[in-house]
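To be precise, the following lines are my_file.cif, and they hold mmCIF, C-alpha atoms.
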data_query
#
loop_
_atom_site.label_atom_id
_atom_site.label_comp_id
_atom_site.auth_asym_id
_atom_site.auth_seq_id
_atom_site.Cartn_x
_atom_site.Cartn_y
_atom_site.Cartn_z
CA MET A 1 16.77 6.68 -2.93
CA SER A 2 18.01 3.46 -1.36
CA TRP A 3 17.74 2.22 2.21
CA ASN A 4 20.08 -0.75 2.22
CA HIS A 5 21.22 -0.46 5.84
CA GLN A 6 19.42 -3.14 7.85
CA PRO A 7 19.29 -2.51 11.62
CA SER A 8 19.44 -5.46 13.95
CA LYS A 9 16.20 -6.43 15.63
CA ALA A 10 17.76 -5.51 18.99
CA ALA A 11 18.55 -2.03 17.72
CA GLY A 12 15.00 -1.60 16.47
CA GLU A 13 13.55 -2.72 19.79
CA MET A 14 15.91 -0.40 21.70
CA ALA A 15 14.67 2.55 19.66
CA LEU A 16 11.08 1.52 20.14
CA SER A 17 11.48 1.26 23.92
CA LYS A 18 12.02 5.03 23.95
CA CYS A 19 9.16 5.69 21.56
CA CYS A 20 6.76 7.51 23.86
CA GLN A 21 9.50 9.77 25.28
CA SER A 22 11.67 10.50 22.22
CA SER A 23 11.53 13.82 20.37
CA ALA A 24 11.68 11.81 17.13
CA VAL A 25 8.19 10.44 17.71
CA VAL A 26 5.18 11.58 15.74
CA LYS A 27 1.83 11.02 17.42
CA ALA A 28 -0.91 9.85 15.09
CA ALA A 29 -3.31 12.78 14.94
CA ILE A 30 -6.87 11.98 15.88
CA ASN A 31 -9.46 13.80 13.80
CA PRO A 32 -12.91 13.49 15.41
CA GLN A 33 -14.49 13.02 11.99
CA GLU A 34 -12.00 10.67 10.35
CA ASN A 35 -9.69 9.30 13.08
CA GLU A 36 -7.17 8.09 10.53
CA ALA A 37 -4.35 9.13 8.24
CA PRO A 38 -4.81 11.17 5.03
CA GLN A 39 -6.84 9.30 2.46
CA TYR A 40 -5.08 6.96 0.04
CA PRO A 41 -5.52 8.45 -3.48
CA LEU A 42 -5.68 5.02 -5.18
CA GLN A 43 -8.56 3.85 -3.00
CA ASN A 44 -12.29 4.35 -3.35
CA ASN A 45 -12.71 6.86 -0.54
CA SER A 46 -16.35 7.62 -1.29
CA LYS A 47 -17.57 4.69 0.82
CA PRO A 48 -17.27 4.09 4.60
CA GLY A 49 -14.31 1.93 5.57
CA PRO A 50 -10.51 2.02 6.00
CA LYS A 51 -8.90 4.79 3.94
CA GLY A 52 -5.54 5.86 5.35
CA ALA A 53 -2.45 3.89 6.34
CA TYR A 54 -3.63 3.74 9.94
CA GLU A 55 -6.71 4.29 12.07
CA VAL A 56 -7.14 5.08 15.78
CA ARG A 57 -10.53 5.42 17.40
CA ARG A 58 -12.62 4.57 20.41
CA ALA A 59 -15.13 1.80 19.78
CA ASN A 60 -17.14 -0.61 21.94
CA ASP A 61 -15.67 0.90 25.14
CA GLY A 62 -12.13 0.22 23.97
CA LEU A 63 -9.36 1.38 21.67
CA TYR A 64 -9.34 0.14 18.05
CA ILE A 65 -6.12 0.47 16.04
CA ARG A 66 -5.41 -0.51 12.43
CA VAL A 67 -1.94 -0.21 10.88
CA ASP A 68 -1.24 -1.13 7.25
CA MET A 69 1.92 -3.25 6.92
CA PRO A 70 1.82 -4.48 3.29
CA GLY A 71 4.42 -7.10 2.45
CA VAL A 72 4.51 -8.60 5.96
CA ALA A 73 3.39 -12.21 5.59
CA SER A 74 1.59 -13.09 8.84
CA LEU A 75 1.09 -12.33 12.53
CA ASP A 76 4.11 -14.54 13.24
CA ASP A 77 6.23 -11.87 11.50
CA VAL A 78 4.94 -9.09 13.77
CA LYS A 79 6.53 -8.71 17.20
CA LEU A 80 4.41 -7.13 19.95
CA ASN A 81 6.04 -6.20 23.26
CA ASN A 82 4.29 -5.00 26.41
CA LYS A 83 6.14 -2.31 28.36
CA SER A 84 4.42 -2.31 31.76
CA ASP A 85 6.68 0.37 33.25
CA LYS A 86 5.91 2.74 30.36
CA HIS A 87 2.25 1.76 29.86
CA SER A 88 2.91 1.06 26.21
CA ILE A 89 2.93 -1.66 23.56
CA THR A 90 5.51 -1.63 20.79
CA PHE A 91 5.13 -3.38 17.43
CA TYR A 92 7.73 -4.31 14.84
CA GLY A 93 7.35 -6.10 11.50
CA LYS A 94 9.56 -6.74 8.49
CA ALA A 95 8.47 -7.04 4.86
CA PRO A 96 11.34 -8.63 2.90
CA MET A 97 12.05 -8.00 -0.75
CA ARG A 98 9.81 -10.44 -2.60
CA GLU A 99 11.57 -13.47 -4.08
CA GLY A 100 11.30 -13.44 -7.85
CA TRP A 101 10.84 -9.65 -7.92
CA PRO A 102 14.39 -8.24 -7.59
CA LEU A 103 13.36 -4.69 -8.50
CA ASP A 104 11.86 -3.89 -5.11
CA ASP A 105 13.80 -0.83 -3.99
CA SER A 106 14.40 -2.26 -0.50
CA GLN A 107 12.91 -4.32 2.26
CA ARG A 108 10.51 -2.41 4.48
CA VAL A 109 10.49 -2.31 8.28
CA TYR A 110 7.37 -1.19 10.14
CA ALA A 111 7.43 0.00 13.74
CA GLY A 112 5.46 2.02 16.23
CA SER A 113 4.15 2.25 19.76
CA ILE A 114 0.80 2.52 21.50
CA CYS A 115 0.92 4.70 24.62
CA LEU A 116 -1.85 3.63 27.01
CA ASP A 117 -3.63 4.85 30.11
CA ARG A 118 -2.88 1.62 32.03
CA ASP A 119 -0.61 -1.39 32.32
CA PRO A 120 -0.86 -3.34 29.02
CA ASP A 121 -0.50 -6.63 30.92
CA LEU A 122 -3.97 -5.97 32.38
CA ILE A 123 -5.58 -5.56 28.94
CA PRO A 124 -6.97 -8.66 27.13
CA LEU A 125 -5.50 -7.63 23.77
CA GLU A 126 -7.28 -8.86 20.63
CA LYS A 127 -5.00 -9.02 17.59
CA THR A 128 -5.43 -10.09 13.98
CA PHE A 129 -3.23 -9.84 10.90
CA LYS A 130 -4.39 -10.52 7.37
CA ASN A 131 -3.25 -9.44 3.91
CA GLY A 132 -0.74 -6.86 5.15
CA CYS A 133 -2.93 -5.25 7.79
CA LEU A 134 -2.51 -5.35 11.60
CA ARG A 135 -5.62 -4.80 13.69
CA LEU A 136 -5.65 -4.48 17.48
CA PHE A 137 -8.49 -3.99 19.95
CA LEU A 138 -7.78 -3.06 23.56
CA PRO A 139 -10.98 -3.42 25.65
CA GLY A 140 -11.52 -0.72 28.28
CA ALA A 141 -8.34 1.16 27.32
CA ASP A 142 -7.55 4.54 25.83
CA GLY A 143 -4.33 5.89 24.37
CA ASN A 144 -2.35 7.19 21.40
CA LEU A 145 -0.60 5.64 18.42
CA CYS A 146 2.97 6.84 17.82
CA PHE A 147 5.43 6.41 14.95
CA LEU A 148 9.19 6.97 14.76
CA THR A 149 10.40 9.53 12.21
CA ASN A 150 13.95 8.10 11.92
CA GLN A 151 15.35 11.65 11.79
CA GLU A 152 18.97 10.49 12.10
CA SER A 153 18.77 8.82 8.67
CA GLY A 154 18.59 12.19 6.91
CA ARG A 155 15.23 11.28 5.41
CA SER A 156 13.53 14.08 3.55
CA GLN A 157 10.57 15.72 5.23
CA ASN A 158 8.87 16.17 1.84
CA PRO A 159 6.64 13.15 1.09
CA ALA A 160 7.08 13.70 -2.66
CA ASP A 161 10.81 13.02 -2.29
CA GLU A 162 10.08 9.62 -0.72
CA GLN A 163 8.35 8.19 -3.77
CA VAL A 164 10.28 5.91 -6.11
CA HIS A 165 8.54 7.03 -9.27
CA GLN A 166 9.73 7.90 -12.76
CA PRO A 167 7.79 10.43 -14.85
CA GLY A 168 7.32 8.26 -17.95
CA VAL A 169 3.94 7.04 -16.74
CA ILE A 170 0.87 8.85 -15.41
CA ILE A 171 -0.78 7.27 -12.37
CA GLY A 172 -4.50 7.88 -12.08
CA GLY A 173 -6.64 7.31 -9.01
CA LEU A 174 -10.32 7.27 -8.21
CA VAL A 175 -12.45 10.10 -6.85
CA CYS A 176 -15.78 8.31 -6.72
CA VAL A 177 -18.03 5.80 -8.49
CA ILE A 178 -21.20 7.30 -9.98
CA PRO A 179 -23.97 4.74 -10.58
CA HIS A 180 -26.31 5.25 -13.53
CA LYS A 181 -29.89 6.11 -12.68
CA PRO A 182 -32.64 3.47 -12.89
CA ASP A 183 -34.13 5.25 -15.92
CA CYS A 184 -30.80 5.19 -17.83
CA GLY A 185 -31.45 4.26 -21.45
CA CYS A 186 -28.29 2.15 -21.81
CA CYS A 187 -28.36 -0.02 -18.71
CA LYS A 188 -31.42 0.75 -16.52
CA GLY A 189 -29.09 1.53 -13.61
CA GLY A 190 -26.89 -1.52 -14.02
CA HIS A 191 -23.64 0.33 -14.89
CA SER A 192 -21.47 2.92 -13.17
CA ASP A 193 -19.00 5.61 -14.25
CA ILE A 194 -15.66 6.23 -12.57
CA GLN A 195 -14.53 9.78 -11.86
CA GLU A 196 -10.72 9.83 -11.99
CA ARG A 197 -7.87 12.10 -10.94
CA THR A 198 -4.14 12.19 -11.70
CA CYS A 199 -1.81 11.51 -8.78
CA THR A 200 0.66 14.39 -8.64
CA LYS A 201 3.58 15.12 -6.33
CA GLU A 202 1.27 17.33 -4.31
CA MET A 203 -0.88 14.24 -3.61
CA SER A 204 2.02 12.07 -2.45
CA PHE A 205 0.94 9.49 0.09
CA ILE A 206 3.30 7.73 2.47
CA ASN A 207 2.90 5.14 5.20
CA PRO A 208 4.22 6.74 8.42
CA SER A 209 4.63 3.38 10.18
CA ILE A 210 7.57 2.50 7.89
CA LEU A 211 10.77 2.95 9.86
CA GLN A 212 13.04 1.82 7.01
CA GLY A 213 12.53 1.42 3.29
CA VAL A 214 10.37 3.13 0.69
CA ARG A 215 7.45 4.83 2.43
CA GLY A 216 5.52 5.65 -0.73
CA VAL A 217 2.61 3.31 -1.48
CA TYR A 218 3.75 2.76 -5.08
CA GLU A 219 6.96 2.71 -7.10
CA THR A 220 7.77 2.58 -10.82
CA LYS A 221 11.02 1.77 -12.62
CA PHE A 222 11.95 1.61 -16.31
CA LEU A 223 14.69 -0.76 -17.51
CA GLN A 224 15.91 -2.04 -20.86
CA GLU A 225 15.14 -5.75 -21.11
CA LYS A 226 18.08 -8.16 -21.27
CA GLU A 227 16.55 -9.97 -24.23
CA GLY A 228 14.74 -8.45 -27.18
CA ASP A 229 14.48 -4.85 -28.28
CA GLY A 230 11.97 -3.53 -25.77
CA TRP A 231 11.94 -1.76 -22.47
CA GLY A 232 10.33 -2.94 -19.29
CA MET A 233 8.46 -1.23 -16.49
CA TYR A 234 8.23 -2.50 -12.92
CA PHE A 235 5.30 -1.32 -10.81
CA ARG A 236 4.59 -1.94 -7.14
CA PHE A 237 1.25 -0.90 -5.67
CA ASP A 238 0.26 -1.43 -2.02
CA MET A 239 -3.24 -2.90 -1.65
CA PRO A 240 -3.68 -3.76 2.06
CA ASP A 241 -6.56 -6.18 2.76
CA PHE A 242 -6.17 -7.74 -0.72
CA SER A 243 -4.38 -10.95 -1.76
CA THR A 244 -4.83 -13.76 -4.27
CA ALA A 245 -7.96 -14.84 -2.42
CA ARG A 246 -9.66 -11.52 -3.23
CA MET A 247 -10.90 -10.88 -6.73
CA CYS A 248 -8.80 -8.23 -8.48
CA GLN A 249 -9.16 -7.27 -12.14
CA VAL A 250 -6.09 -6.34 -14.21
CA LYS A 251 -6.63 -5.13 -17.79
CA VAL A 252 -3.60 -4.31 -19.95
CA GLU A 253 -4.12 -2.41 -23.20
CA LYS A 254 -1.68 -0.73 -25.60
CA LYS A 255 -1.47 2.61 -23.85
CA ARG A 256 -2.72 1.85 -20.38
CA CYS A 257 -3.24 -0.66 -17.61
CA ILE A 258 -6.18 -0.63 -15.19
CA ILE A 259 -6.08 -2.34 -11.80
CA PHE A 260 -9.40 -2.61 -10.00
CA GLY A 261 -10.03 -4.23 -6.64
CA PRO A 262 -13.81 -4.24 -6.10
CA MET A 263 -15.34 -3.37 -2.74
CA GLY A 264 -15.17 -6.36 -0.43
CA SER A 265 -16.75 -7.20 2.88
CA LYS A 266 -15.47 -5.89 6.19
CA GLU A 267 -12.24 -7.58 7.26
CA TYR A 268 -12.91 -6.91 10.96
CA PRO A 269 -16.16 -6.31 12.89
CA LEU A 270 -15.07 -2.81 13.97
CA ASP A 271 -14.28 -1.69 10.42
CA GLN A 272 -16.85 0.73 9.05
CA GLY A 273 -16.89 -0.97 5.66
CA GLY A 274 -14.85 -2.82 3.05
CA ARG A 275 -11.99 -1.60 0.92
CA SER A 276 -11.73 -0.94 -2.82
CA TYR A 277 -8.83 0.15 -5.07
CA PHE A 278 -8.53 1.70 -8.51
CA CYS A 279 -5.31 2.53 -10.36
CA LYS A 280 -4.77 3.45 -14.01
CA LEU A 281 -1.28 3.55 -15.55
CA THR A 282 -0.94 5.54 -18.77
CA LEU A 283 2.29 5.80 -20.78
CA CYS A 284 3.25 9.42 -21.47
CA CYS A 285 5.10 8.76 -24.73
CA ASP A 286 2.87 8.62 -27.83
CA CYS A 287 5.15 6.12 -29.58
CA CYS A 288 5.32 3.55 -26.74
CA TYR A 289 2.97 0.66 -26.01
CA PHE A 290 2.46 -2.03 -23.40
CA LEU A 291 2.85 -5.53 -24.86
CA SER A 292 -0.14 -7.10 -23.12
CA GLU A 293 0.90 -10.69 -23.96
CA LYS A 294 3.96 -10.37 -21.73
CA ALA A 295 2.46 -8.51 -18.76
CA VAL A 296 2.97 -10.36 -15.48
CA HIS A 297 1.43 -9.58 -12.11
CA GLU A 298 1.29 -11.02 -8.60
CA LEU A 299 -0.86 -9.97 -5.64
CA LYS A 300 0.39 -11.23 -2.28
CA ASP A 301 0.35 -10.01 1.34
CA GLY A 302 -1.39 -6.79 0.36
CA VAL A 303 1.11 -5.86 -2.41
CA MET A 304 0.54 -5.90 -6.19
CA ARG A 305 3.70 -6.30 -8.26
CA MET A 306 3.72 -6.03 -12.06
CA TRP A 307 6.16 -6.24 -14.97
CA PHE A 308 5.35 -4.82 -18.40
CA THR A 309 7.25 -5.05 -21.67
CA ILE A 310 7.13 -1.70 -23.48
CA LEU A 311 7.64 -1.41 -27.23
CA THR A 312 8.13 1.63 -29.41
CA LYS A 313 5.94 2.15 -32.47
CA GLN A 314 8.68 1.23 -34.96
CA ASN A 315 9.42 -2.19 -33.42
CA ASN A 316 5.99 -2.97 -32.04
CA SER A 317 4.85 -4.94 -35.08
CA SER A 318 7.93 -7.16 -35.44
CA SER A 319 8.26 -7.87 -31.70
CA ALA A 320 4.61 -8.74 -31.28
CA LYS A 321 4.90 -11.12 -34.24
CA ARG A 322 7.85 -12.89 -32.57
CA VAL A 323 5.86 -13.30 -29.37
CA ARG A 324 2.94 -14.86 -31.28
CA ASN A 325 5.28 -17.24 -33.11
CA ASN A 326 6.97 -18.28 -29.87
CA SER A 327 3.61 -18.95 -28.24
CA ARG A 328 2.63 -21.25 -31.12
CA ARG A 329 5.81 -23.29 -30.63
CA THR A 330 5.02 -23.84 -26.96
#

Just give me the structure as structure tokens.
Amino acid sequence: MSWNHQPSKAAGEMALSKCCQSSAVVKAAINPQENEAPQYPLQNNSKPGPKGAYEVRRANDGLYIRVDMPGVASLDDVKLNNKSDKHSITFYGKAPMREGWPLDDSQRVYAGSICLDRDPDLIPLEKTFKNGCLRLFLPGADGNLCFLTNQESGRSQNPADEQVHQPGVIIGGLVCVIPHKPDCGCCKGGHSDIQERTCTKEMSFINPSILQGVRGVYETKFLQEKEGDGWGMYFRFDMPDFSTARMCQVKVEKKRCIIFGPMGSKEYPLDQGGRSYFCKLTLCCDCCYFLSEKAVHELKDGVMRMWFTILTKQNNSSSAKRVRNNSRRT
């Protein structure tokens, strides 16, 4: 599925100005226990802290809102507009296709509106943006977060149809981390086990703030490489609140790749905790392997992008030998 049509900024703002009145608006549901979107299956959701693609809750006698916008570079790339006559604030941000990574399916445009109980010009808005995550605090205010559904685009209502994912790889997520007990004979409580789950179509997770572009939080693509006799796999994985400044471990083996972003500190005082990610990629085909020497990854603006060379069993030995010989020459 491709979303190549790029609306003008004026068109986006015109649509947003009608956000709180349009039938194409979805109000962010407020669950008294969670107050945020469905949990992200590739996150560690067993600890307090941000879990879904957005969060809306009352805190410190005000309204706290978090919206994940991975791929957007900075607060300068997010436009906030006060609508005094409608008692609302609209937001709009654009995440371009990353230079050097031409396999992104499309740019992504984020948009939404906050419908308030008072004139936004009278609210001393606090705003921060870091690593693909917008956070707003509106002291003394109350209201609702709304998203546009972009119904005119013909977008499928089934979240599974909005993923850009090919079935040649299994994507595993994390259920919880189980620490060993202090009397453990192997580590005296120093190690932990990870309980995993496979991400299926029934567990599809989308970011509802995306007005245009791929709404799924990951995408995979397989291509035959231009040079050599192998195949390649492109993988994009949204990791809001993470960038090159945050420690992230990537381990590539023959049959699998593990991406682990350890639990960090709170990014904002009103967050209930830090954020942690776990993703395991496993090739389905028994005769295919990742060539770890040629794996490339980049983590920027809350988005992890990776490229893997994949070899079949019959050419794995000769291709790996060529890579080793080439590395000696350099």

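Of the residues under consideration (A:Gln224, A:Asn60, A:Ser192, A:Gln43), A:Gln43 shows the shortest atom-to-atom contact distance to A:Pro240 when counting only C-alpha atoms.
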
Enumerate, as a PyMOL selection string, the residues matched when the PyMOL selection byres ((chain A and resi 171) around 12) is run on the file above. chain A and resi 41-42+165-170+172-174+196-201+203-204+218-220+235-237+256-259+278-284

Preceding selection exported with C-alpha atoms as a compact mmCIF listing (two decimals), keeping the file's coordinate frame:
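Result saved to part.txt:
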# COMPACT_ATOMS: atom_id res chain seq x y z
CA PRO A 41 -5.52 8.45 -3.48
CA LEU A 42 -5.68 5.02 -5.18
CA HIS A 165 8.54 7.03 -9.27
CA GLN A 166 9.73 7.90 -12.76
CA PRO A 167 7.79 10.43 -14.85
CA GLY A 168 7.32 8.26 -17.95
CA VAL A 169 3.94 7.04 -16.74
CA ILE A 170 0.87 8.85 -15.41
CA GLY A 172 -4.50 7.88 -12.08
CA GLY A 173 -6.64 7.31 -9.01
CA LEU A 174 -10.32 7.27 -8.21
CA GLU A 196 -10.72 9.83 -11.99
CA ARG A 197 -7.87 12.10 -10.94
CA THR A 198 -4.14 12.19 -11.70
CA CYS A 199 -1.81 11.51 -8.78
CA THR A 200 0.66 14.39 -8.64
CA LYS A 201 3.58 15.12 -6.33
CA MET A 203 -0.88 14.24 -3.61
CA SER A 204 2.02 12.07 -2.45
CA TYR A 218 3.75 2.76 -5.08
CA GLU A 219 6.96 2.71 -7.10
CA THR A 220 7.77 2.58 -10.82
CA PHE A 235 5.30 -1.32 -10.81
CA ARG A 236 4.59 -1.94 -7.14
CA PHE A 237 1.25 -0.90 -5.67
CA ARG A 256 -2.72 1.85 -20.38
CA CYS A 257 -3.24 -0.66 -17.61
CA ILE A 258 -6.18 -0.63 -15.19
CA ILE A 259 -6.08 -2.34 -11.80
CA PHE A 278 -8.53 1.70 -8.51
CA CYS A 279 -5.31 2.53 -10.36
CA LYS A 280 -4.77 3.45 -14.01
CA LEU A 281 -1.28 3.55 -15.55
CA THR A 282 -0.94 5.54 -18.77
CA LEU A 283 2.29 5.80 -20.78
CA CYS A 284 3.25 9.42 -21.47

From atom CA of A:Leu145 to atom CA of A:Pro208 the spacing works out at 11.2 Å

Tell me which residues the PyMOL selection byres ((chain A and resi 307) around 10) grabs here, as an mmCIF file with C-alpha atoms, in the frame of the given file.
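Printed below is selection08.cif as written:
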data_model
loop_
_atom_site.group_PDB
_atom_site.id
_atom_site.type_symbol
_atom_site.label_atom_id
_atom_site.label_comp_id
_atom_site.auth_asym_id
_atom_site.auth_seq_id
_atom_site.Cartn_x
_atom_site.Cartn_y
_atom_site.Cartn_z
ATOM 1 C CA TRP A 101 10.840 -9.650 -7.920
ATOM 2 C CA LEU A 103 13.360 -4.690 -8.500
ATOM 3 C CA THR A 220 7.770 2.580 -10.820
ATOM 4 C CA LYS A 221 11.020 1.770 -12.620
ATOM 5 C CA PHE A 222 11.950 1.610 -16.310
ATOM 6 C CA GLY A 232 10.330 -2.940 -19.290
ATOM 7 C CA MET A 233 8.460 -1.230 -16.490
ATOM 8 C CA TYR A 234 8.230 -2.500 -12.920
ATOM 9 C CA PHE A 235 5.300 -1.320 -10.810
ATOM 10 C CA ARG A 236 4.590 -1.940 -7.140
ATOM 11 C CA LYS A 294 3.960 -10.370 -21.730
ATOM 12 C CA ALA A 295 2.460 -8.510 -18.760
ATOM 13 C CA VAL A 296 2.970 -10.360 -15.480
ATOM 14 C CA HIS A 297 1.430 -9.580 -12.110
ATOM 15 C CA GLU A 298 1.290 -11.020 -8.600
ATOM 16 C CA ARG A 305 3.700 -6.300 -8.260
ATOM 17 C CA MET A 306 3.720 -6.030 -12.060
ATOM 18 C CA PHE A 308 5.350 -4.820 -18.400
ATOM 19 C CA THR A 309 7.250 -5.050 -21.670
ATOM 20 C CA ILE A 310 7.130 -1.700 -23.480
#

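With only C-alpha atoms as the atoms that count, the residue of A:Cys187, A:Leu63, A:Val250, A:Cys146 with the shortest distance to A:Pro124 is A:Leu63.
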
Is it possible to get the residues within 12 Å of (-11.9, -6.7, 10.0) (coordinates as in the file, counting all atoms listed in the file) written as number ranges by chain? A: 49-50, 64-67, 126-131, 133-137, 240-241, 264-275

Enumerate, as number ranges by chain, the residues matched when the PyMOL selection byres ((chain A and resi 62) around 6) is run on the file above. A: 58-61, 63, 138-141

Leaving out A:Gln212 and any residue of its chain fewer than 5 positions from it, which residues lie within 8 Å of it when counting only C-alpha atoms, given as number ranges by chain? A: 3, 107-110

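Comparing the minimum interatomic distances between A:Val303 and each of A:Cys115, A:Cys184, A:Leu75, A:Val217, counting only C-alpha atoms, we find that A:Val217 sits nearest.
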
Taking the structure I provided as the source, export stretch 105-124 of chain A with N, CA and C atoms, as a tab-separated table (two decimals), in the first residue's frame.
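This is the output file part_21.tsv:
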chain	number	residue	atom	x	y	z
A	105	ASP	N	8.37	3.23	2.98
A	105	ASP	CA	7.22	3.14	2.09
A	105	ASP	C	6.67	4.52	1.71
A	106	SER	N	6.77	5.49	2.60
A	106	SER	CA	6.28	6.83	2.31
A	106	SER	C	6.71	7.75	3.44
A	107	GLN	N	6.57	9.04	3.22
A	107	GLN	CA	6.69	9.97	4.33
A	107	GLN	C	5.46	9.79	5.22
A	108	ARG	N	5.54	10.29	6.44
A	108	ARG	CA	4.40	10.18	7.34
A	108	ARG	C	4.01	11.57	7.84
A	109	VAL	N	2.71	11.83	7.87
A	109	VAL	CA	2.18	13.10	8.34
A	109	VAL	C	1.32	12.83	9.57
A	110	TYR	N	1.62	13.52	10.65
A	110	TYR	CA	0.88	13.37	11.90
A	110	TYR	C	-0.01	14.60	12.11
A	111	ALA	N	-1.21	14.38	12.63
A	111	ALA	CA	-2.10	15.50	12.85
A	111	ALA	C	-3.16	15.13	13.89
A	112	GLY	N	-3.67	16.14	14.55
A	112	GLY	CA	-4.72	15.93	15.52
A	112	GLY	C	-5.17	17.23	16.13
A	113	SER	N	-6.07	17.15	17.09
A	113	SER	CA	-6.62	18.34	17.71
A	113	SER	C	-6.93	18.05	19.17
A	114	ILE	N	-6.77	19.07	20.00
A	114	ILE	CA	-7.12	18.98	21.41
A	114	ILE	C	-8.30	19.92	21.64
A	115	CYS	N	-9.45	19.37	21.98
A	115	CYS	CA	-10.65	20.16	22.24
A	115	CYS	C	-10.72	20.47	23.74
A	116	LEU	N	-10.74	21.75	24.08
A	116	LEU	CA	-10.57	22.21	25.45
A	116	LEU	C	-11.84	22.81	26.04
A	117	ASP	N	-11.80	23.01	27.35
A	117	ASP	CA	-12.93	23.62	28.05
A	117	ASP	C	-12.80	25.13	28.18
A	118	ARG	N	-11.80	25.72	27.51
A	118	ARG	CA	-11.57	27.17	27.61
A	118	ARG	C	-10.74	27.65	26.42
A	119	ASP	N	-10.57	28.95	26.35
A	119	ASP	CA	-9.79	29.57	25.29
A	119	ASP	C	-8.32	29.16	25.44
A	120	PRO	N	-7.72	28.54	24.42
A	120	PRO	CA	-6.32	28.10	24.55
A	120	PRO	C	-5.34	29.25	24.74
A	121	ASP	N	-5.71	30.46	24.30
A	121	ASP	CA	-4.82	31.61	24.48
A	121	ASP	C	-4.64	31.97	25.95
A	122	LEU	N	-5.54	31.49	26.81
A	122	LEU	CA	-5.46	31.78	28.24
A	122	LEU	C	-4.71	30.69	29.01
A	123	ILE	N	-4.21	29.68	28.29
A	123	ILE	CA	-3.52	28.56	28.94
A	123	ILE	C	-2.01	28.68	28.71
A	124	PRO	N	-1.21	28.70	29.77
A	124	PRO	CA	0.26	28.74	29.60
A	124	PRO	C	0.80	27.37	29.18
